[in-house]
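Okay, so here's the structure we're looking at.
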There are 2 protein chains.
Amino acid sequence: MITGNHERESNDRREPDNLPEEGRKRVVIENVTPVVDSGRFPIKRVVGEAVRVEADVFSDGHDEVTALLLYRHEGEFQWHKYPMQFLGNDRWQGTFPVEELGSIWYTVEGYLDHFATWIKDLQKKHQAGQDIAADLLIGIELITDTARRAKGTDALHLEKLADSLAEAADEIHEKKKKKSEELAELMAIHYDPILADVYPFELEVMVERPLALFSSWYEIFPRSCCPEHGSHGTFAECQKLLPEISRMGFDVIYFPPIHPIGRTRRKGKNNSTVAEAEDPGSPWAIGAEEGGHMAVHPALGTLEDFRSFVAKAAEYSLEVALDIAFQCSPDHPYIKEHPEWFRWRPDGTVQFAENPPKKYEDIVPFDFECEHWSSLWMELRRVVSFWIEQGVTIFRVDNPHTKPFAFWEYLIREIRHDHPEVIFLAEAFTRPKVMYRLAKAGFSQSYTYFTWRNTRRELEQYLSELCRPPVREFFRPNFWPNTPDILPEFLQYSGHPGFAIRLILAATLSASYGIYGPPFELFVKEALPAKEEYVDSEKYQIHRWDWHNPRHLRDLIACINAIRRNNPALQTTRNLHFCESDNDNIICYLKSDPVSNNHILVAVNLDPFNGQVGNIRVPVEMLDIEEEHPFLVDDLLSGSKNIWHSAWNPVEFDPQNLPARVCLLRSRLRREHNFDYFM
Amino acid sequence: MITGNHERESNDRREPDNLPEEGRKRVVIENVTPVVDSGRFPIKRVVGEAVRVEADVFSDGHDEVTALLLYRHEGEFQWHKYPMQFLGNDRWQGTFPVEELGSIWYTVEGYLDHFATWIKDLQKKHQAGQDIAADLLIGIELITDTARRAKGTDALHLEKLADSLAEAADEIHEKKKKKSEELAELMAIHYDPILADVYPFELEVMVERPLALFSSWYEIFPRSCCPEHGSHGTFAECQKLLPEISRMGFDVIYFPPIHPIGRTRRKGKNNSTVAEAEDPGSPWAIGAEEGGHMAVHPALGTLEDFRSFVAKAAEYSLEVALDIAFQCSPDHPYIKEHPEWFRWRPDGTVQFAENPPKKYEDIVPFDFECEHWSSLWMELRRVVSFWIEQGVTIFRVDNPHTKPFAFWEYLIREIRHDHPEVIFLAEAFTRPKVMYRLAKAGFSQSYTYFTWRNTRRELEQYLSELCRPPVREFFRPNFWPNTPDILPEFLQYSGHPGFAIRLILAATLSASYGIYGPPFELFVKEALPAKEEYVDSEKYQIHRWDWHNPRHLRDLIACINAIRRNNPALQTTRNLHFCESDNDNIICYLKSDPVSNNHILVAVNLDPFNGQVGNIRVPVEMLDIEEEHPFLVDDLLSGSKNIWHSAWNPVEFDPQNLPARVCLLRSRLRREHNFDYFM
């Protein structure tokens, strides 16, 4: 017996004696890649990328088979069909382009190619000087059978070709002759469907816009954008920072929640449970009588102000990302209006968030196991739609791992159905399989463990995991050196070099990265004792950052972001290749874009305290550089240029200068690479 | 959209707004193993083995989940359900026994275990000295809800327990107390199905008898069992060899085809196209006017004689394996009676077998693409059933890779449905993926490339491939040092030591092995020039083997087979572990059976010409032997015994003696190993 999920296999039971419906399908199609959980989840691509499909296609016996790649956009009903190339060992390969947002479906078809078999055998017999009279008649039969299927002009044409086969045979011999090509073509078009079979799974590509893959995020608290101390920032004030943020080369500006903040059990400075009168509270404690998830905090301005901020940002080619935190403060209107969406304690109070023995009494979670889950789901979908109407198309989702996976799968599918341009970033620092499942559920990008990977081995291991199939097919990393929740230990003690190291790693290892801006630019490193929490965290109080402080990282950031923009090799993550280095303090990697022939070699000194010297190896074999063939190494950070003559080369870092080289490799590199991982 | 093959996933669309049918199912079940092609094909086990199932089971948030292993024999309607053990990193494991022939189905269920979560949280709060009054009430609610589902005495019991929860709480605390155990048990039995979900695939185990895994084959041409030169052997004469074949310790005696042989285009000695009058022809050219696949060659005896041979063999605990070669001689009755099953050439002649430019004019293949394929399939199934009626339950299938995979899947399923004891061995020396697909289609055992793997690296690489999942789950190797078709180059020049080496490797690396008997025992090594074909091959002429020749391998064979019988470690293949050796001419491996605590260490000198000295390492860590703890090494081949005191030990082979050690490791080995690969 075949289990239900394979009903569409050729050998299911519809006839007496348990015979399959059609026993003449001899072709087998197996192991189609790329694939995620045997097709349960889509792979991800952005417009402009391609999908390289491979499959095992073979049959019993010695007959020739032909493999076809089938794909169609969700809007199309007809498959596009293209012959695949044979790779050897019964494996075939084909590639299709990704040109439109939405979903593309793909699968593989194979058929017994009796015409190809006949030609192959004919040639062998011919060469062996055997009599091929009978074989020619067999060929004619093949062609006339095909003519019967073909109909119309093709049919007539095939009949003609059958008649003239006597000569045709010799022509088939020297393949060049036109007639035999025509014949082969027509025979291929009208192959016998009885001898063909299709892979039982249709696989999906979730197609997003390029920003889903390549993006640079800048996080800032709008309420801190205030002219003088003690006041509350506004969208209008924040607008004044757009030129500088844009100069740094970011394309996404991300706001923590901008909604009214609850007063009940409001948190004070440094997360204290008692708030002073002037404490603004945590933006993640959403909801007050001024409104909930669809309202704007009055002190920030009006919804109108927000919309004009979005418009203004667009002028600086910056998109605004909003925070989605599906949770409530005790004062959220939902709690009165929709008590059925929450869990109530026996004492009649609403159940606040807790992870015993810890209590988060300023936060009330939704009860996703409530009987009215469906109205809850639809309301939360309405929240997202509301902000899309205000011009927001990027959402950073807070703690997605505390809501059901099925909910996210529903929400993202539904939103993408009407707005395939919308991008979702999953903020989940949790167990690996939970993070991966969220990505499978449809999140465009995900936070990662990069924040805590510092040594060469840690980085190489983690990145290798992310670049390996199937992970690379559904999980797009977004690297954050810091966030309002995390001031990593490394940044606490590594000084200015440490900030540069983490910035350059994030921006060159991953196609997407982000920083929690002002404190990062200004090297803020004061943490609560034995914690990775900022002292006087902006989560609980307003900060007025000194944008005129001369000691900042903004110029390096601008430089790195410009390099990212100008070099396609840095605009994808899966093309990462680690290079040999004889000093474990020096990590080295190559990123290549074969299409534009763009090759970036990065070497970083991971030691923030000392200079380091070592030798790194350029994988010349991947770049088709013949050994001893000199090539130009252009350090885009420092501007220094070198000519290298062989694979191994020395690098030196001194503490006074930049802890990294980001080098463009210029040479007469051939264009025909074969970077499998690129597709 | 979810593709068709996943319809049973929890999130398919049946309601308005594309909501799933039930949104409260928060548990996720992924990556269930073992599995072959996501459940398209069964895994294989024999009665007495076990299946160790693993799965990723987790949920959003911090709630506890429980994972259940579900399995049922095809004859059962109810699932057996057992809790799985948590392995860490969201992975769970459970094992079920394999006790009955047929099919067993298995899958995994998971549910949100709110009671376990509640206990965990309660304990933490209790320890933190927090007030748990409200939490106790919540617990009571949990229990009374469960009581509502439970009904009957369980319900009453649960209500009682709810009432007494105040005390119970403390008892839950020190888990020992009976009441709280009862409570936990009842809560587990009556978990809430709304919060549970089942993996969408039901996976199958194809259960066979132990001989499908562990067997020793002896191939012999009955027509060569003749008293004097020039005569034709008979079943009766062959019967006289049973005592000696049984003394050698084989359990399967395999006959090449025993049917009438065609005369038209009969092959002569050494495959010559002209046969002398007295040439008997190839047994694989099946069919003459005396009959076809369901007839016995008159010279061998009657069908009655064959049946009595089968019965006699059974007395010597030998089973007879017949050859299934689905092809015809030009004289086969089928060709006249069923012309619709063959391909006809334009000149009106039937299409003989060919692989251009090679022609096999004495063989006519069936046309599996003929319109009447279904009557052909049913007839071939009838052939197999016929021989089962004659007492045959093992079939060696000739060239299965030249017939459709779907046909084999059909044939084997149908035969196994009525006769699950039947074993099929696939004789296919072809492309790897074709061989694997045949195994997936249901063949119990398969020929392999072992015949051409001679060096340490070749053997280690190939065996590692066979022992790796998923291959080890569906592909059971049967190692043949020689066959009537293949006298490997190695045996042609390596002398007597070469035969011993290949015998010992085959018999100790693989749980199943076989030899083409007489020529192997007698060290026959004469091949056609530059070929791996025997000179005067028995395929085309009758051989009278000298069973009294004093120079033979039979005693070593008997010794090896006895060792195989007495040591469970040698009765499975997947438990193979290669050991370190500082001499590449010496291969070393350990096979362990944790259940019987049986551990066999094999070291073989792969150099047939010279003695070799080296050091091998016993993987003491796998055997829980503490370093420096001495253990007895008992060479079952030579009878010599040694005490070894550490992992690394010297071995020496001299050309005069056996080229191998097959050692039983005796020591105070602990019984709790964890040989994952064993299940």
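Simple scheme: letters A, B, ... for chains in structure tokens order, numbers from 1 for residues in each chain, numbers from 1 for ligands in the order shown.
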
Could you give me the residues within segment 46-178 of chain A that DSSP places in alpha helix (DSSP H), as a ChimeraX atom specification? /A:114-127,133-150,152-163,165-173,178

Check: which chain A residues lie within 7 Å of chain B using only C-alpha atoms, as a ChimeraX atom specification: /A:2-3,5-6,11,23-24,26,38,40,60-61,121,124-125,128,134,137-138,201-202,346-347,356-357,368-369,373,401-406

Could you jot down the atom CA of Pro619 of chain B to atom CA of Phe475 of chain B separation for me, Å, one decimal place?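 Interatomic distance, atom CA of Pro619 of chain B to atom CA of Phe475 of chain B: 26.4 Å.
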
I'd like to know which residues of segment 428-535 of chain B are strand (DSSP E or B) (by DSSP, run on the backbone); could you write them as an MDAnalysis selection string? chainID B and resid 445:446 477:479 483 486 512:516 527 534

Can I get the residues of segment 474-569 of chain B within 12 Å of segment 645-656 of chain B, each with the closest pair of atoms and their distance in Å to one decimal, using only C-alpha atoms, sorted chain first then ascending number, as CSV?
residue,atom,partner,partner_atom,distance
B:Ser494,CA,B:Pro655,CA,12.0
B:Gly495,CA,B:Pro655,CA,11.3
B:His496,CA,B:Pro655,CA,10.4
B:Pro497,CA,B:Pro655,CA,7.9
B:Gly498,CA,B:Pro655,CA,11.0
B:Ala500,CA,B:Pro655,CA,11.8
B:Ile501,CA,B:Pro655,CA,11.9
